[in-house]
Each structure stands twice: as structure tokens, then as C-alpha cells.
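Visitor: Shown below is the structure under consideration.
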Amino acid sequence: MKDNKKVTITTETTWKEITPGGIIYEAGNAHNYKTGEWRSMKPIWNSEKCKQCLLCFPVCPDSSILVEDGKIVGIDYDHCKGCGVCVEVCPFKVFDFVKED
Amino acid sequence: MAIRERLSGNEAVATAMKQINPDVVAAFPITPSTEVPQYFSQFVANGSVDTEFVAVESEHSAMSACVGASAAGARVMTATSANGLALMWEILYIAASSRLPIVMPVINRALSGPINIHNDHSDSMGARDSGWIQLYSEDNQEAYDNIIQAIRIAEHKDVRLPVMVCMDGFIVSHSVENIELLETEKVKEFVGEYDPGLDTLLNPEQPVAMGPLDLPPHYFEHKRQQAEAMKNAKKVILEIAKEFEALTGRKYGLFEEYKMEDAEVAIVVLNSTAGTAKEVVDELREKGVKAGLIKIRVFRPFPVEELRDALKHVKAVAVMDKADSFSAAGGPVFVETRAALYDAETKPVVISYIYGLGGRDVRTNDIMKVYNDLLEIVETGEVKSVYNYLGVRE
């Protein structure tokens, strides 16, 4: 069982292939685990209203405000759990907060 | 040339640990296992081992330190009894599921309450589903031999599971008996250098995370894999026993069969009571009674097929449990032995005796009563009582 090859664990991985004791070889692999489906409320980012003040970005507990070149470009719905902190913190009421379908 | 000595059970276990010279021992004293870490810390102090001895503040910490050291790639041992084992509970499961080959003598003692320091098996029987391999030992020699073999079993690449080596508190742990020790070089050669592989916390070449959160998508697969390791252990235990026999001449299996070839009545029992029962078997055999005995050595994994084959031709079997599981339907060894026989085409009557709780003495006349009950069943074909208590004031 020792000297396991570095395997990527997916929901298809069988007990014969999975790493013993749940050993993880890859740093930061929680990113591959999609937790967005836990969401019951969903923030909608309206780009035309956004002033790019970036106040929402540091308060998001799941790093789900996507930023490129210093600008917000959207929301990572694979990991956003719909806590609504971004909605609450935004001074310009950019986000709609709607029920998840 | 083997070394002839006279040692108590605890001394025998501590001596085996000295000869193995593990990297780390983390332990907390509890009666009747206290002497094991006590003797061992003397070996550390006088330099006869180079083990890192971690004096911890509880058994929960002892097993936690063992888990950490083992995950780091060390060969690790500890020892405990009763309430100490109970305090380890949570970490026992973590050690097994993290596949860490820790070896731990368990000096069997009644688990509270009411509080009692004497021998029964309620401690290790409670831990029977924790994922640890369990070996049971009749006397100091078997305890010593089992410890040495346990290192190889635990570390085998097809197993990688922790092992408990159980023996009876006071009855064996504090009784001095003759024993044959191996030379230290031979023990070292037998157990070999520990190779923990690449997946250790102290390997900078291959960083790993251990003990992660494991949610519904993967947890079941890990448990299934752990179950397979326990299945593999049976074969590995027998292979290592063969090697050990070649070295010492002492033969070990999954269980010992004593005068079972033509037995019509038989007792199944663990640990030191087997010695008392063998005396009774001899006495009965002299009278021409076909009595036999099975002493289970390996309780986890449970030798289902082998026990079935050994017992299926017997007419009546009594399984003696030094622990009650309070199912109101017999002790743990009884339940598993009886279940093992379910698939046999011919099968004996199997009855349960809970005995010796909290150190209640068990003598040859008690065992004789059990055989007489079995003989009566064979003669009359009538089972008066399946679930019995032996030696309690009615």
C-alpha cells in the first residue's frame, strides 16, 4: 500500500484505487470539490451597476468573488454557498439576492 | 541458543519492546499495565534502547502521540489497560483508519463501573470493532512471542493496521513464569528495519496531508479498503507465524486446537483460562471422555471458516466469554462463533457462558461444570439454557 502513485481522486475512484487513509498528495485540492450545490440563496452580480470598489472581495468566506486584473469579473458558483455577505456589504446595491432554483 | 529466564507477563512484554527498540513509545500508566512503560522507561534511562519516550498526561494523549509519530514514519508502541484503553477510544479508530502500524500490549482488566482493577476482557472486547487486529495470549511466553510477531503483521504492506496484543491482567501480567527469550540480535533480524514508505509526514520529497475530512463521496471507499486489509491480515498472520516457528520451534495459528481430533464436547475460550481448561480436558480424557478445547489467538480478524471447520463435527460447544456485551443474548465470542457455524451442514449445539467478570476466580471445578453441562446435552439431546453465567451467586 505504500509508495502510491499520485492519483486524482474523483467520485468514480473505487476502493481499490483510493489512497489509503485518505492521504492527499496535492495541495489546495479542496478547490476541486464543488460545494456550491449546498446553496439555497444566490447572489447575482450586475456588472453595469458595479463601481469596482472591491469591498465584497475580501469579505467573501469562500473566495468566490472572481477578480482579474484588479476588477471583479463574476462569481464562482462552484464554491459560493449563498451566505449573502457580499450582498450586505455592497454600498451600491449591485447584487440581487434570489432563491436558488 | 535461546535464553531461559523467569519473567512476569509485564516484564516479558517490556523485554520484547526492549529487543524491538521502537523509535517512539508514548504511554500513560494504568493498573495492571503500569509496569510495561515503567520497565521500558528504565531501559530508556539506562540507554539499553534509543527510543524517544513520551510521558503524556492521559491515554488520549498517549494514542494521539503514537498516531503523530507513526504518521511521521516512526515505529511506535504503547501499552494500556481498561479505562486507559477506553480513554483512547476516539484515537484507536483514527490509528486504524489512517492505517498506522502501531503495536500495543493490552493488559486485560475489567472496565468500570463499578471500578475494578482485576482481570476480564471487557476492555479489549469493547474495542473489537475499532479496526485493530487483536491477538490474545495464554501466558507470558505467548505474550512475548505475539508482540514480536505483531510488529511484522502490523507493518506488512498488505495489512498496515495497528495490533493489540492482549493478555490477562495480574493472572499473567504479575505472575512470574519460566520463559524462553530470543537473543536480541535474532529479534532485530526478525522484525527488521522499519520501512514506512514514502507517504510520511517527514518526507520532504513527497509532501502529503493525512487524516483529512472525508465526506460521503469517498469515506465508504476508505472503509472498504480498510476492511480488505483486515481480510489480508489472516494470511499474513499465518505466514509470519510460520517464519516464527522456523526461528523458535513455537507454533502459532489463528487458534490452538487442544485434543480436538475426535472431540465430542468442546470449550472455546481466550487467554489464560485456556490453561485451566486444558487441565480439565486432560482429566476428562483420562476417564475416556472425548473433550477438547479451542483457544482463539486471533479474534480480529475473526477466523470464521477455520473455526467452522474445527467445530462442525463436535456435538456440543460452550463458548466462554470473560466479558458481557449486554445484548441479553450471550457474550461477543459466543455470538461470532455461533454465527460462524451457521453455514456448516452439520453443526453442534452452541451455548454461552459469561464468566470471571471483574477478576472472579475460575477454577478447574468451574470448567468441569461446563463440560458436564455439555455432556448432559449430548446425552439427553436437551438444551436447558443457552445463555449462562458461570460462577456468579444465584
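We name chains A, B, ... following the order of the C-alpha cells; residues begin at 1 in each chain, and ligands are numbered from 1 as shown.
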Taking only C-alpha atoms into account, which residues of chain B are within 9 Å of chain A, as number ranges by chain?
Guide: B: 96-100, 157-160, 196-199, 206-214, 217-226
Visitor: What parts of range 114-174 of chain B does DSSP call strand (DSSP E)? I'd like the answer as a list in words.
Guide: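 Of range 114-174 of chain B, the ones in strand (DSSP E) are Ile133, Gln134, Leu135, Tyr136, Ser137, Val163, Met164, Val165, Cys166, Met167 and Asp168 of chain B.
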Visitor: What does the file look like for those residues with N, CA and C atoms, as a compact mmCIF listing (two decimals), in the first residue's frame?
Guide:
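Saved the output as out_32.txt:
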# COMPACT_ATOMS: atom_id res chain seq x y z
N ILE B 133 -6.19 -5.12 14.75
CA ILE B 133 -6.01 -6.56 14.83
C ILE B 133 -5.90 -6.90 16.32
N GLN B 134 -6.50 -8.02 16.74
CA GLN B 134 -6.39 -8.42 18.15
C GLN B 134 -5.83 -9.83 18.27
N LEU B 135 -4.69 -9.93 18.98
CA LEU B 135 -4.11 -11.23 19.30
C LEU B 135 -4.27 -11.45 20.80
N TYR B 136 -4.63 -12.66 21.21
CA TYR B 136 -4.78 -12.99 22.63
C TYR B 136 -3.71 -14.00 23.04
N SER B 137 -3.26 -13.91 24.31
CA SER B 137 -2.10 -14.69 24.76
C SER B 137 -2.43 -15.43 26.05
N VAL B 163 -2.05 -3.21 15.90
CA VAL B 163 -2.29 -4.51 16.53
C VAL B 163 -2.32 -4.38 18.05
N MET B 164 -3.34 -4.95 18.68
CA MET B 164 -3.39 -5.10 20.14
C MET B 164 -2.93 -6.51 20.48
N VAL B 165 -2.02 -6.62 21.43
CA VAL B 165 -1.64 -7.94 21.95
C VAL B 165 -2.18 -8.03 23.38
N CYS B 166 -3.20 -8.86 23.55
CA CYS B 166 -3.90 -8.91 24.83
C CYS B 166 -3.38 -10.05 25.71
N MET B 167 -3.30 -9.79 27.01
CA MET B 167 -3.04 -10.87 27.99
C MET B 167 -3.74 -10.51 29.29
N ASP B 168 -3.97 -11.51 30.13
CA ASP B 168 -4.78 -11.30 31.32
C ASP B 168 -4.03 -10.54 32.42
Visitor: Mind pulling up the distance from CA of Glu279 in chain B to CA of Glu382 in chain B?
Guide: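 So the two atoms, CA of Glu382 in chain B and CA of Glu279 in chain B, lie 27.0 Å apart.
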Visitor: List as a ChimeraX atom specification the protein and nucleic acid residues near range 62-66 of chain A, meaning an atom at most 7 Å away when only C-alpha atoms are counted, but skip any in the same chain fewer than 3 places from it.
Guide: /A:57,72-76,79-80
Visitor: Residues near Ala274 in chain B, anyone? I mean within 8 Å using only C-alpha atoms, not counting same-chain ones fewer than 6 positions away, as a list in words.
Guide: Glu138, Leu293 and Lys295 of chain B
Visitor: Just write the chosen residues, N, CA, C and O atoms, as a short mmCIF file (atom, residue, chain, number, x, y, z; two decimals), in the first residue's frame.
Guide:
data_model
loop_
_atom_site.label_atom_id
_atom_site.label_comp_id
_atom_site.auth_asym_id
_atom_site.auth_seq_id
_atom_site.Cartn_x
_atom_site.Cartn_y
_atom_site.Cartn_z
N GLU B 138 -2.13 -16.75 26.07
CA GLU B 138 -2.44 -17.55 27.26
C GLU B 138 -1.50 -17.24 28.42
O GLU B 138 -1.92 -17.21 29.57
N LEU B 293 -10.63 -28.54 23.32
CA LEU B 293 -10.60 -27.11 23.63
C LEU B 293 -10.09 -26.34 22.43
O LEU B 293 -9.17 -26.79 21.74
N LYS B 295 -8.58 -22.55 21.76
CA LYS B 295 -8.15 -21.27 22.34
C LYS B 295 -7.94 -20.30 21.17
O LYS B 295 -7.05 -20.50 20.35
#
Visitor: Neighbours of range 107-109 of chain B within 7 Å (only C-alpha atoms; same-chain residues fewer than 2 positions away dropped), as a list of chain:residue names?
Guide: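 Residues near the query, excluding close chain neighbours: B:Pro32, B:Ser33, B:Thr80, B:Ser81, B:Ala82, B:Pro105, B:Leu111, B:Ile117, B:His118, B:Asn119, B:Asp120, B:His121, B:Asp123, B:Ser124, B:Cys166, B:Met167, B:Asp168, B:Gly169, B:Ser173.
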Visitor: Measuring between only C-alpha atoms, which one of A:Val59, A:Val67, A:Cys53, A:Ile44 shows the shortest distance to Val85 in chain A?
Guide: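 The closest residue to Val85 in chain A is A:Val59.
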Visitor: Rounded to one decimal place, report the CA of Ile240 in chain B-CA of Phe40 in chain B distance in Å.
Guide: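 CA of Phe40 in chain B lies 25.5 Å from CA of Ile240 in chain B.
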Visitor: Using only C-alpha atoms, which of A:Tyr33, A:Met41, A:Thr8, A:Glu68 sits nearest Glu100 in chain A?
Guide: A:Met41
Visitor: According to DSSP computed on the backbone, where in chain A is there alpha helix (DSSP H)? Give the residues as an MDAnalysis selection string.
Guide: chainID A and resid 56:59 85:89
Visitor: When you draw a straight line from CA of Pro301 in chain B to CA of Glu336 in chain B, how long is it in Å?
Guide: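 Computing it gives 11.3 Å between the two atoms.
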